[in-house]
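Colleague: Sharing a structure, written as structure tokens. Questions coming.
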Amino acid sequence: MKQLIFLCATMALSLFGSCSSEKEQAVNETKSPSFDEVLLSRRSIRSYDATKKITEAEVRELLKATQEAPSWANQQPTKYYVAISQEKLEAVQELVGEKNKSRIANAPVLILSTFEKGKSGFFQGNQTNEIGDGWGAYDNGLSNCYLILKARAMGFDSLIMGMRDSEQLRKLFGVPENETIMAVIALGYRAEEPTYPNRRDLDEIAKFF
């Protein structure tokens, strides 16, 4: 009888341990990456997996995160135009140069980034310093930084492209004249693991006084 009780107890403990391990594994699999993991795994990706798609709901979640980016006097000058339909994707691919076109051929989302002129860098309509609308570009860069980091945290990859036909993109998306067109950002899943590029020594880019 004692042996039977011992056997039952052992089996129960074994089963409990197995369930706990499975739960632990499930938690680990859904655990968000750390900030350092996001920074170190984010790369500019030039080849995308055609079998993996991104939904509009996921893009909305991503762009919502960009609204947390700082901007001059909270002007929030950055605007985004999202190509997610096949028709718009193909149209944008024709406007980023031949090299970029092949690189982003399988990206399921292409995002045009702009900023409103006369907001960041201005006070009561007057330019506050010599940079002027350069502050709009600065704020746009901050917003785009939030975008690509949030994208990586969600498991996506990106490529920021400066080679683009701004006037044709303006017509394609109906971008008003008071907005400066900046970058086209590809969004998708990497088709292969990229190499890690060398970084300059810290003392080359920072001086302490």
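Letters A, B, ... go to the chains of the structure tokens in the order shown; residues in each chain start at 1; ligands are counted from 1 in the same order.
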Excluding Glu94 in chain A and any residue of its chain fewer than 3 positions from it, enumerate the residues within 12 Å of it, using only C-alpha atoms, and give them as a PyMOL selection string.

Modeller: chain A and resi 87-91+97-105+110+163-166+168-169+172+184

Colleague: For the selection you just gave me, I'd like the residues written to a file as a PDB file, in the first residue's frame, keeping N, CA and C atoms.

Modeller:
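Full text of out_2.pdb as output:
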```pdb
ATOM      1  N   GLU A  87      -1.479  47.206 -55.427  1.00  0.00           N
ATOM      2  CA  GLU A  87      -1.393  48.289 -56.414  1.00  0.00           C
ATOM      3  C   GLU A  87      -0.472  49.409 -55.951  1.00  0.00           C
ATOM      4  N   LYS A  88      -0.655  49.839 -54.697  1.00  0.00           N
ATOM      5  CA  LYS A  88       0.170  50.934 -54.166  1.00  0.00           C
ATOM      6  C   LYS A  88       1.613  50.476 -53.924  1.00  0.00           C
ATOM      7  N   LEU A  89       1.779  49.236 -53.481  1.00  0.00           N
ATOM      8  CA  LEU A  89       3.131  48.713 -53.263  1.00  0.00           C
ATOM      9  C   LEU A  89       3.935  48.737 -54.562  1.00  0.00           C
ATOM     10  N   GLU A  90       3.330  48.266 -55.623  1.00  0.00           N
ATOM     11  CA  GLU A  90       4.014  48.221 -56.917  1.00  0.00           C
ATOM     12  C   GLU A  90       4.323  49.631 -57.415  1.00  0.00           C
ATOM     13  N   ALA A  91       3.404  50.575 -57.157  1.00  0.00           N
ATOM     14  CA  ALA A  91       3.617  51.956 -57.584  1.00  0.00           C
ATOM     15  C   ALA A  91       4.797  52.581 -56.844  1.00  0.00           C
ATOM     16  N   GLY A  97      14.150  53.949 -57.089  1.00  0.00           N
ATOM     17  CA  GLY A  97      15.400  53.580 -57.757  1.00  0.00           C
ATOM     18  C   GLY A  97      15.494  52.077 -57.996  1.00  0.00           C
ATOM     19  N   GLU A  98      16.255  51.695 -59.011  1.00  0.00           N
ATOM     20  CA  GLU A  98      16.339  50.290 -59.410  1.00  0.00           C
ATOM     21  C   GLU A  98      16.924  49.388 -58.322  1.00  0.00           C
ATOM     22  N   LYS A  99      17.980  49.844 -57.654  1.00  0.00           N
ATOM     23  CA  LYS A  99      18.592  49.002 -56.613  1.00  0.00           C
ATOM     24  C   LYS A  99      17.621  48.761 -55.472  1.00  0.00           C
ATOM     25  N   ASN A 100      16.996  49.831 -54.993  1.00  0.00           N
ATOM     26  CA  ASN A 100      16.041  49.682 -53.893  1.00  0.00           C
ATOM     27  C   ASN A 100      14.827  48.864 -54.319  1.00  0.00           C
ATOM     28  N   LYS A 101      14.413  49.008 -55.564  1.00  0.00           N
ATOM     29  CA  LYS A 101      13.252  48.257 -56.060  1.00  0.00           C
ATOM     30  C   LYS A 101      13.449  46.759 -55.877  1.00  0.00           C
ATOM     31  N   SER A 102      14.645  46.257 -56.229  1.00  0.00           N
ATOM     32  CA  SER A 102      14.908  44.820 -56.081  1.00  0.00           C
ATOM     33  C   SER A 102      15.027  44.423 -54.613  1.00  0.00           C
ATOM     34  N   ARG A 103      15.552  45.325 -53.796  1.00  0.00           N
ATOM     35  CA  ARG A 103      15.733  45.026 -52.371  1.00  0.00           C
ATOM     36  C   ARG A 103      14.395  44.887 -51.640  1.00  0.00           C
ATOM     37  N   ILE A 104      13.412  45.674 -52.042  1.00  0.00           N
ATOM     38  CA  ILE A 104      12.139  45.703 -51.303  1.00  0.00           C
ATOM     39  C   ILE A 104      11.020  44.981 -52.045  1.00  0.00           C
ATOM     40  N   ALA A 105      11.381  44.198 -53.053  1.00  0.00           N
ATOM     41  CA  ALA A 105      10.381  43.538 -53.897  1.00  0.00           C
ATOM     42  C   ALA A 105       9.353  42.741 -53.095  1.00  0.00           C
ATOM     43  N   LEU A 110       5.088  49.453 -47.361  1.00  0.00           N
ATOM     44  CA  LEU A 110       5.996  50.554 -47.653  1.00  0.00           C
ATOM     45  C   LEU A 110       5.373  51.830 -47.104  1.00  0.00           C
ATOM     46  N   MET A 163      16.712  57.487 -51.430  1.00  0.00           N
ATOM     47  CA  MET A 163      16.624  57.577 -52.888  1.00  0.00           C
ATOM     48  C   MET A 163      15.163  57.365 -53.268  1.00  0.00           C
ATOM     49  N   ARG A 164      14.492  58.454 -53.716  1.00  0.00           N
ATOM     50  CA  ARG A 164      13.072  58.347 -54.074  1.00  0.00           C
ATOM     51  C   ARG A 164      12.674  59.543 -54.915  1.00  0.00           C
ATOM     52  N   ASP A 165      11.618  59.374 -55.703  1.00  0.00           N
ATOM     53  CA  ASP A 165      11.088  60.437 -56.546  1.00  0.00           C
ATOM     54  C   ASP A 165      10.009  61.159 -55.751  1.00  0.00           C
ATOM     55  N   SER A 166      10.382  62.246 -55.100  1.00  0.00           N
ATOM     56  CA  SER A 166       9.468  62.907 -54.174  1.00  0.00           C
ATOM     57  C   SER A 166       8.221  63.470 -54.858  1.00  0.00           C
ATOM     58  N   GLN A 168       6.682  62.454 -57.641  1.00  0.00           N
ATOM     59  CA  GLN A 168       5.756  61.390 -58.033  1.00  0.00           C
ATOM     60  C   GLN A 168       5.088  60.759 -56.808  1.00  0.00           C
ATOM     61  N   LEU A 169       5.847  60.653 -55.710  1.00  0.00           N
ATOM     62  CA  LEU A 169       5.262  60.136 -54.469  1.00  0.00           C
ATOM     63  C   LEU A 169       4.207  61.110 -53.944  1.00  0.00           C
ATOM     64  N   LEU A 172       1.189  60.428 -55.971  1.00  0.00           N
ATOM     65  CA  LEU A 172       0.634  59.101 -55.687  1.00  0.00           C
ATOM     66  C   LEU A 172      -0.198  59.083 -54.411  1.00  0.00           C
ATOM     67  N   VAL A 184      11.232  56.828 -47.623  1.00  0.00           N
ATOM     68  CA  VAL A 184      10.337  55.683 -47.793  1.00  0.00           C
ATOM     69  C   VAL A 184      10.906  54.567 -46.934  1.00  0.00           C
TER      70      VAL A 184
END
```

Colleague: If you run DSSP on this backbone, which residues of range 95-195 of chain A come out as alpha helix (DSSP H), and could you give them as a ChimeraX atom specification?

Modeller: /A:98-103,134-153,166-173

Colleague: Could those selected residues go to a file with C-alpha atoms, as an mmCIF file, in the first residue's frame?

Modeller:
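Dumped to again-v2.cif:
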```
data_model
loop_
_atom_site.group_PDB
_atom_site.id
_atom_site.type_symbol
_atom_site.label_atom_id
_atom_site.label_comp_id
_atom_site.auth_asym_id
_atom_site.auth_seq_id
_atom_site.Cartn_x
_atom_site.Cartn_y
_atom_site.Cartn_z
ATOM 1 C CA GLU A 98 16.339 50.290 -59.410
ATOM 2 C CA LYS A 99 18.592 49.002 -56.613
ATOM 3 C CA ASN A 100 16.041 49.682 -53.893
ATOM 4 C CA LYS A 101 13.252 48.257 -56.060
ATOM 5 C CA SER A 102 14.908 44.820 -56.081
ATOM 6 C CA ARG A 103 15.733 45.026 -52.371
ATOM 7 C CA GLY A 134 15.592 71.557 -40.142
ATOM 8 C CA TRP A 135 13.951 70.934 -36.785
ATOM 9 C CA GLY A 136 11.038 69.361 -38.645
ATOM 10 C CA ALA A 137 13.473 66.945 -40.268
ATOM 11 C CA TYR A 138 15.042 66.325 -36.853
ATOM 12 C CA ASP A 139 11.650 65.499 -35.320
ATOM 13 C CA ASN A 140 10.815 63.317 -38.318
ATOM 14 C CA GLY A 141 14.017 61.354 -37.698
ATOM 15 C CA LEU A 142 13.092 60.861 -34.052
ATOM 16 C CA SER A 143 9.663 59.579 -35.034
ATOM 17 C CA ASN A 144 11.165 57.232 -37.633
ATOM 18 C CA CYS A 145 13.601 55.962 -35.010
ATOM 19 C CA TYR A 146 10.664 54.996 -32.787
ATOM 20 C CA LEU A 147 9.092 53.316 -35.827
ATOM 21 C CA ILE A 148 12.027 51.060 -36.698
ATOM 22 C CA LEU A 149 12.733 50.131 -33.073
ATOM 23 C CA LYS A 150 9.081 49.316 -32.350
ATOM 24 C CA ALA A 151 9.028 47.339 -35.600
ATOM 25 C CA ARG A 152 11.959 45.244 -34.423
ATOM 26 C CA ALA A 153 10.343 44.709 -31.024
ATOM 27 C CA SER A 166 9.468 62.907 -54.174
ATOM 28 C CA GLU A 167 7.227 64.624 -56.712
ATOM 29 C CA GLN A 168 5.756 61.390 -58.033
ATOM 30 C CA LEU A 169 5.262 60.136 -54.469
ATOM 31 C CA ARG A 170 3.495 63.402 -53.654
ATOM 32 C CA LYS A 171 1.072 62.779 -56.528
ATOM 33 C CA LEU A 172 0.634 59.101 -55.687
ATOM 34 C CA PHE A 173 -0.398 59.746 -52.074
#
```

Colleague: Within 10 Å of Asp49 in chain A, counting only C-alpha atoms, which residues show up once you throw out same-chain ones fewer than 4 positions away? Write them as a VMD selection string, please.

Modeller: chain A and resid 53 104 to 108 188 to 192

Colleague: Among range 12-195 of chain A, which residues carry a DSSP assignment of strand (DSSP E), reported as a PDB file with C-alpha atoms, in the first residue's frame?

Modeller:
```pdb
ATOM      1  CA  THR A  78       5.516  63.851 -38.822  1.00  0.00           C
ATOM      2  CA  LYS A  79       2.938  62.250 -41.114  1.00  0.00           C
ATOM      3  CA  TYR A  80       2.849  58.732 -42.568  1.00  0.00           C
ATOM      4  CA  TYR A  81       1.340  57.393 -45.796  1.00  0.00           C
ATOM      5  CA  VAL A  82       1.062  53.600 -45.848  1.00  0.00           C
ATOM      6  CA  ALA A  83       1.153  51.462 -48.993  1.00  0.00           C
ATOM      7  CA  VAL A 109       4.399  47.336 -46.381  1.00  0.00           C
ATOM      8  CA  LEU A 110       5.996  50.554 -47.653  1.00  0.00           C
ATOM      9  CA  ILE A 111       5.627  53.751 -45.638  1.00  0.00           C
ATOM     10  CA  LEU A 112       6.194  57.304 -46.850  1.00  0.00           C
ATOM     11  CA  SER A 113       7.393  59.626 -44.087  1.00  0.00           C
ATOM     12  CA  THR A 114       6.867  63.415 -44.255  1.00  0.00           C
ATOM     13  CA  PHE A 115       6.780  66.422 -41.943  1.00  0.00           C
ATOM     14  CA  GLU A 116       4.680  69.588 -41.908  1.00  0.00           C
ATOM     15  CA  PHE A 122       9.037  78.085 -35.154  1.00  0.00           C
ATOM     16  CA  PHE A 123       7.285  80.176 -32.490  1.00  0.00           C
ATOM     17  CA  ASN A 126       8.554  82.992 -36.714  1.00  0.00           C
ATOM     18  CA  GLN A 127      11.714  80.942 -37.199  1.00  0.00           C
ATOM     19  CA  ASP A 157      12.476  44.443 -40.112  1.00  0.00           C
ATOM     20  CA  SER A 158      12.925  47.694 -41.980  1.00  0.00           C
ATOM     21  CA  LEU A 159      14.916  49.680 -44.523  1.00  0.00           C
ATOM     22  CA  ILE A 160      14.953  53.484 -44.644  1.00  0.00           C
ATOM     23  CA  MET A 161      15.427  54.767 -48.201  1.00  0.00           C
ATOM     24  CA  GLU A 179       4.676  68.780 -46.151  1.00  0.00           C
ATOM     25  CA  THR A 180       8.301  67.920 -46.912  1.00  0.00           C
ATOM     26  CA  ILE A 181       8.769  64.361 -48.175  1.00  0.00           C
ATOM     27  CA  MET A 182      11.586  62.577 -46.357  1.00  0.00           C
ATOM     28  CA  ALA A 183      12.053  58.797 -46.535  1.00  0.00           C
ATOM     29  CA  VAL A 184      10.337  55.683 -47.793  1.00  0.00           C
ATOM     30  CA  ILE A 185      10.511  52.921 -45.170  1.00  0.00           C
ATOM     31  CA  ALA A 186      10.161  49.255 -46.106  1.00  0.00           C
ATOM     32  CA  LEU A 187       8.614  46.943 -43.534  1.00  0.00           C
ATOM     33  CA  GLY A 188       8.629  43.152 -43.517  1.00  0.00           C
TER      34      GLY A 188
END
```

Colleague: Rounded to one decimal place, report the CA of Pro33 in chain A-CA of Arg60 in chain A distance in Å.

Modeller: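 Separation of CA of Pro33 in chain A and CA of Arg60 in chain A: 20.1 Å.
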
Colleague: To one decimal place, how far is CA of Pro194 in chain A from CA of Leu62 in chain A in Å?

Modeller: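 Going from CA of Pro194 in chain A over to CA of Leu62 in chain A covers 22.7 Å.
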
Colleague: Could you pull the residues within 8 Å of Ser71 in chain A, counting only C-alpha atoms, minus those fewer than 3 positions along the same chain, as a list of chain:residue names?

Modeller: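 Those residues are A:Asn74, A:Gln75, A:Gln76, A:Pro77, A:Ser120, A:Asp139, A:Leu142.
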
Colleague: Limited to C-alpha atoms, could you put the picked residues into a file as a PDB file, in the first residue's frame?

Modeller:
```pdb
ATOM      1  CA  ASN A  74       4.859  68.814 -29.020  1.00  0.00           C
ATOM      2  CA  GLN A  75       4.109  69.965 -32.582  1.00  0.00           C
ATOM      3  CA  GLN A  76       4.126  66.363 -33.849  1.00  0.00           C
ATOM      4  CA  PRO A  77       4.920  67.371 -37.450  1.00  0.00           C
ATOM      5  CA  SER A 120       9.062  72.538 -35.448  1.00  0.00           C
ATOM      6  CA  ASP A 139      11.650  65.499 -35.320  1.00  0.00           C
ATOM      7  CA  LEU A 142      13.092  60.861 -34.052  1.00  0.00           C
TER       8      LEU A 142
END
```

Colleague: Would you please work out which residue, of A:Lys207, A:Arg200, A:Lys31, A:Lys117, is nearest to Glu177 in chain A when using only C-alpha atoms?

Modeller: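 So, comparing all the options, the nearest one is A:Lys117.
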
Colleague: So how far away is CA of Ile205 in chain A from CA of Trp72 in chain A, in Å?

Modeller: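 CA of Ile205 in chain A lies at a distance of 24.9 Å from CA of Trp72 in chain A.
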